Amino acid sequence: MQLKFSNRGSTLIVRVIGELDHHSSEQLKIKVDSEIIKSSTKNVILDLGKLTFMDSSGIGAIMGRFRNVQKLNGKLALVGIGPHIKKILDMSGILKVIDAYDNVETALNKMM
Amino acid sequence: MQLKFSNRGSTLIVRVIGELDHHSSEQLKIKVDSEIIKSSTKNVILDLGKLTFMDSSGIGAIMGRFRNVQKLNGKLALVGIGPHIKKILDMSGILKVIDAYDNVETALNKMM
Amino acid sequence: MECINEVKVEFPSKSANEAFARIVAAAFVSQLDPTLEELADVKTAVSEAVTNAIIHGYENRPGIVTMICRLYADAVEIKVIDKGKGIEDIELARQPLYTSRPEMERSGMGFTVMESFMDRVDVVSEPGKGTEVTLFKKFKSVNPSDTQKTGD
Amino acid sequence: MECINEVKVEFPSKSANEAFARIVAAAFVSQLDPTLEELADVKTAVSEAVTNAIIHGYENRPGIVTMICRLYADAVEIKVIDKGKGIEDIELARQPLYTSRPEMERSGMGFTVMESFMDRVDVVSEPGKGTEVTLFKKFKSVNPSDTQKTGD
Ligand SMILES: Nc1ncnc2c1ncn2[C@@H]1O[C@H](COP(=O)(O)OP(=O)(O)O)[C@@H](O)[C@H]1O
Ligand SMILES: Nc1ncnc2c1ncn2[C@@H]1O[C@H](COP(=O)(O)OP(=O)(O)O)[C@@H](O)[C@H]1O
């Protein structure tokens, strides 16, 4: 798994590339959290468009970031959900609490 | 491994697609020999352009077809040799006895 | 049902081997030519079982995880075995959202994912001895008469 | 040299498992991030050793092939073991173009391929007991200090 960070105002955009399992979730947690606590960050968009695999460890890692962002009064959204990733997100019920959008632009507009 | 057969006059063109190891060589031997023995076939071109893997079993299978075609007074040529396949062909010394060309058209011209 | 191929894989309880186990299972199952979705289902279930062996069974300490894959004409059975901690209450463990390690940000969805992505999930476990999870899936896309000779 | 990861794989002597063994070895070695050429070299050498175990060791009869892969910071060691026929004269067997099965259209280049694609090839064999081939390769493209923590 690889992470690419970019910023749009106070929104941190994280592109998650490759496979998100327990092994890579540990890296995602550390790296994303250290960006979240930067004073310039309020909201977070996780772009899953290049995610090729995810299991329930990924669910845990996304929920964990969602809680951390909320704690700092920000919002977290998911974008670019492909069919395989959708299957496990649907199963987990995570989309009942976390917003999902087609792409980064739509997410930026709706999160304002 | 998959094989695609086509004919140009008395020349049989065999496109070998995928991986050529001992397992798939056994299939190649049976299928190519049954085409070689057809009265319309004199020469054979093995197109290795879509071959992604080959080991020494592949060398044996190519040498075997070369001998069978020779027995029937025909010629055998190889085309479309990529870098990985070249490495093992070079090592085996097979290119000292079997002609190789860039593509099917060149082979057809030179074999006449 | 006749087993047409079987592999046994042993690897240390390192999280880097979660990806390795998925590739091994997928490579083995590919012999039947299932759909990409069926393949993804198997990879996900294997990932859950192997992750559990590493983090719950061995609690991230060194140990050996064993995976046994058996191929049938149109189905696969995969056993993931650890000699770790074991599970006290299997029924509780299998409940959706139950996790003994919320501080690790576990979602408690591992068994639920295995159950919904495979056709059958059996768990045998003894506290202090270890756990054996058996995953079974029939591939609806595969015609068994096409594959009887796979693996010759 | 410290071993950072190790897997053991057992599979039946079916020719369909030659491809499986290559994928397993490649997936394991990929943890070090070698070049595509180095990866292809390992796959080719493994293919030779596993094929030999199946057709010469077990002479296409049922048997179990064991593959043990050990990863080092910038190298891999792969053992391919059969409990088959064994080799009477190892020196002769390793000669380029020597094959005991010309009628099977063997090229006699298996050991030569292993030797030229890997850095070291050791063969231990006893007639009637079986054969163990050890393949070793150092990855020139890999910086050992980058990978010491692979497999955590
Ligand atoms: N191999 C195992 N060894 C010991 N305990 C296990 C094992 N697998 C699962 N468990 C127990 O079952 C619980 C539920 O597992 P699971 O549904 O996968 O959720 P999670 O992994 O998110 O905790 C775990 O929290 C753990 O207590
Ligand atoms: N695992 C093995 N068990 C028994 N004999 C073997 C084994 N591997 C190799 N040999 C012997 O060594 C010979 C040379 O092997 P190799 O160089 O791979 O060529 P080939 O496989 O084309 O015969 C074989 O023909 C066989 O007699």
# chains A, B, ... in the order shown; residues from 1 in each chain; ligands from 1
>>> residues_near_ligand(ligand="ligand 1", cutoff="7 Å", atoms="only C-alpha atoms and all ligand atoms", output="ChimeraX atom specification")
/A:56-57 /C:48-49,52-53,56-57,82,84-87,93-101,106-112,130-131
>>> select_by_dssp(residues="range 8-143 of chain D", states="helix (DSSP H, G or I)", output="PyMOL selection string")
chain D and resi 17-32+36-57+90-94+102-104+110-117
>>> select_by_dssp(residues="chain D", states="strand (DSSP E)", output="number ranges by chain")
D: 5-12, 64-72, 75-82, 120-126, 130-138
>>> write_last_selection(atoms="N, CA and C atoms", output="short mmCIF file (atom, residue, chain, number, x, y, z; two decimals), in the first residue's frame")
data_model
loop_
_atom_site.label_atom_id
_atom_site.label_comp_id
_atom_site.auth_asym_id
_atom_site.auth_seq_id
_atom_site.Cartn_x
_atom_site.Cartn_y
_atom_site.Cartn_z
N ASN D 5 12.41 -14.08 6.85
CA ASN D 5 11.10 -14.69 6.64
C ASN D 5 11.33 -16.06 6.02
N GLU D 6 10.41 -16.99 6.27
CA GLU D 6 10.60 -18.35 5.76
C GLU D 6 9.24 -18.99 5.54
N VAL D 7 9.05 -19.61 4.39
CA VAL D 7 7.80 -20.35 4.19
C VAL D 7 8.12 -21.77 3.73
N LYS D 8 7.21 -22.66 4.09
CA LYS D 8 7.33 -24.05 3.66
C LYS D 8 6.05 -24.41 2.93
N VAL D 9 6.18 -24.99 1.76
CA VAL D 9 5.01 -25.33 0.94
C VAL D 9 5.11 -26.79 0.53
N GLU D 10 4.03 -27.53 0.70
CA GLU D 10 4.01 -28.93 0.25
C GLU D 10 2.87 -29.12 -0.74
N PHE D 11 3.17 -29.79 -1.84
CA PHE D 11 2.12 -30.00 -2.85
C PHE D 11 2.37 -31.32 -3.57
N PRO D 12 1.31 -31.92 -4.14
CA PRO D 12 1.49 -33.20 -4.83
C PRO D 12 2.24 -33.02 -6.15
N ILE D 64 4.94 -36.20 -2.75
CA ILE D 64 4.83 -34.83 -2.25
C ILE D 64 6.14 -34.08 -2.51
N VAL D 65 6.03 -32.91 -3.10
CA VAL D 65 7.17 -32.03 -3.31
C VAL D 65 7.13 -30.95 -2.21
N THR D 66 8.27 -30.72 -1.57
CA THR D 66 8.34 -29.69 -0.54
C THR D 66 9.23 -28.56 -1.03
N MET D 67 8.74 -27.34 -0.86
CA MET D 67 9.55 -26.18 -1.23
C MET D 67 9.70 -25.30 0.02
N ILE D 68 10.94 -24.98 0.37
CA ILE D 68 11.19 -24.11 1.52
C ILE D 68 11.89 -22.86 1.02
N CYS D 69 11.30 -21.71 1.26
CA CYS D 69 11.90 -20.44 0.80
C CYS D 69 12.34 -19.65 2.01
N ARG D 70 13.60 -19.20 2.01
CA ARG D 70 14.10 -18.36 3.10
C ARG D 70 14.55 -17.03 2.52
N LEU D 71 14.09 -15.97 3.18
CA LEU D 71 14.41 -14.64 2.70
C LEU D 71 15.47 -14.01 3.59
N TYR D 72 16.47 -13.41 2.97
CA TYR D 72 17.50 -12.64 3.69
C TYR D 72 17.36 -11.19 3.26
N ALA D 75 18.72 -11.39 -0.40
CA ALA D 75 18.94 -12.67 -1.07
C ALA D 75 17.82 -13.64 -0.73
N VAL D 76 17.75 -14.72 -1.51
CA VAL D 76 16.78 -15.76 -1.22
C VAL D 76 17.44 -17.14 -1.36
N GLU D 77 17.00 -18.06 -0.52
CA GLU D 77 17.42 -19.46 -0.63
C GLU D 77 16.16 -20.29 -0.77
N ILE D 78 16.13 -21.13 -1.80
CA ILE D 78 14.94 -21.96 -2.04
C ILE D 78 15.37 -23.42 -2.14
N LYS D 79 14.78 -24.26 -1.28
CA LYS D 79 15.05 -25.70 -1.33
C LYS D 79 13.86 -26.39 -1.96
N VAL D 80 14.12 -27.28 -2.92
CA VAL D 80 13.08 -28.10 -3.52
C VAL D 80 13.42 -29.56 -3.22
N ILE D 81 12.53 -30.24 -2.51
CA ILE D 81 12.83 -31.55 -1.96
C ILE D 81 11.82 -32.59 -2.45
N ASP D 82 12.33 -33.72 -2.94
CA ASP D 82 11.42 -34.85 -3.21
C ASP D 82 11.95 -36.09 -2.50
N ARG D 120 24.02 -19.85 -6.75
CA ARG D 120 24.58 -21.12 -6.28
C ARG D 120 23.50 -22.19 -6.35
N VAL D 121 23.89 -23.39 -6.74
CA VAL D 121 22.96 -24.52 -6.78
C VAL D 121 23.65 -25.71 -6.11
N ASP D 122 23.07 -26.17 -5.00
CA ASP D 122 23.62 -27.34 -4.31
C ASP D 122 22.65 -28.50 -4.48
N VAL D 123 23.20 -29.68 -4.73
CA VAL D 123 22.35 -30.86 -4.89
C VAL D 123 22.79 -31.93 -3.91
N VAL D 124 21.84 -32.40 -3.11
CA VAL D 124 22.10 -33.54 -2.22
C VAL D 124 21.10 -34.61 -2.61
N SER D 125 21.60 -35.82 -2.86
CA SER D 125 20.68 -36.86 -3.34
C SER D 125 21.18 -38.23 -2.93
N GLU D 126 20.22 -39.13 -2.69
CA GLU D 126 20.60 -40.50 -2.39
C GLU D 126 19.64 -41.40 -3.17
N GLY D 130 15.76 -39.88 -2.34
CA GLY D 130 15.23 -38.59 -2.80
C GLY D 130 16.31 -37.57 -3.05
N THR D 131 15.88 -36.37 -3.40
CA THR D 131 16.79 -35.31 -3.84
C THR D 131 16.40 -33.99 -3.20
N GLU D 132 17.43 -33.21 -2.81
CA GLU D 132 17.20 -31.87 -2.28
C GLU D 132 18.06 -30.90 -3.08
N VAL D 133 17.43 -29.99 -3.78
CA VAL D 133 18.14 -28.98 -4.57
C VAL D 133 18.01 -27.65 -3.85
N THR D 134 19.14 -26.99 -3.59
CA THR D 134 19.12 -25.69 -2.92
C THR D 134 19.58 -24.61 -3.89
N LEU D 135 18.70 -23.66 -4.11
CA LEU D 135 18.97 -22.56 -5.03
C LEU D 135 19.23 -21.30 -4.19
N PHE D 136 20.27 -20.56 -4.53
CA PHE D 136 20.55 -19.33 -3.78
C PHE D 136 20.78 -18.18 -4.75
N LYS D 137 20.17 -17.06 -4.47
CA LYS D 137 20.40 -15.88 -5.32
C LYS D 137 20.45 -14.62 -4.47
N LYS D 138 21.46 -13.79 -4.76
CA LYS D 138 21.58 -12.48 -4.14
C LYS D 138 21.00 -11.47 -5.13
#
>>> interface_residues(of="chain D", to="chain B", cutoff="12 Å", atoms="only C-alpha atoms", output="ChimeraX atom specification")
/D:13-23,36-55,60,96-97,99,101-117
>>> residues_around(residues="Tyr101 in chain B", least_positions_apart="2", cutoff="6 Å", atoms="only C-alpha atoms", output="PDB file with N, CA, C and O atoms, in the first residue's frame")
ATOM      1  N   VAL B  79       9.574 -16.526 -34.077  1.00  0.00           N
ATOM      2  CA  VAL B  79       9.447 -15.061 -34.212  1.00  0.00           C
ATOM      3  C   VAL B  79       8.943 -14.466 -32.899  1.00  0.00           C
ATOM      4  O   VAL B  79       8.408 -15.174 -32.044  1.00  0.00           O
ATOM      5  N   ASN B 103       9.360 -10.857 -37.030  1.00  0.00           N
ATOM      6  CA  ASN B 103       7.909 -11.033 -37.095  1.00  0.00           C
ATOM      7  C   ASN B 103       7.539 -12.057 -38.170  1.00  0.00           C
ATOM      8  O   ASN B 103       8.388 -12.538 -38.916  1.00  0.00           O
ATOM      9  N   ALA B 107       9.605 -13.727 -41.500  1.00  0.00           N
ATOM     10  CA  ALA B 107       9.852 -15.171 -41.501  1.00  0.00           C
ATOM     11  C   ALA B 107       9.291 -15.807 -42.763  1.00  0.00           C
ATOM     12  O   ALA B 107       9.971 -16.610 -43.420  1.00  0.00           O
TER      13      ALA B 107
END
>>> residues_around(residues="Ile81 in chain A", least_positions_apart="2", cutoff="6 Å", atoms="only C-alpha atoms", output="ChimeraX atom specification")
/A:48-49,79,86
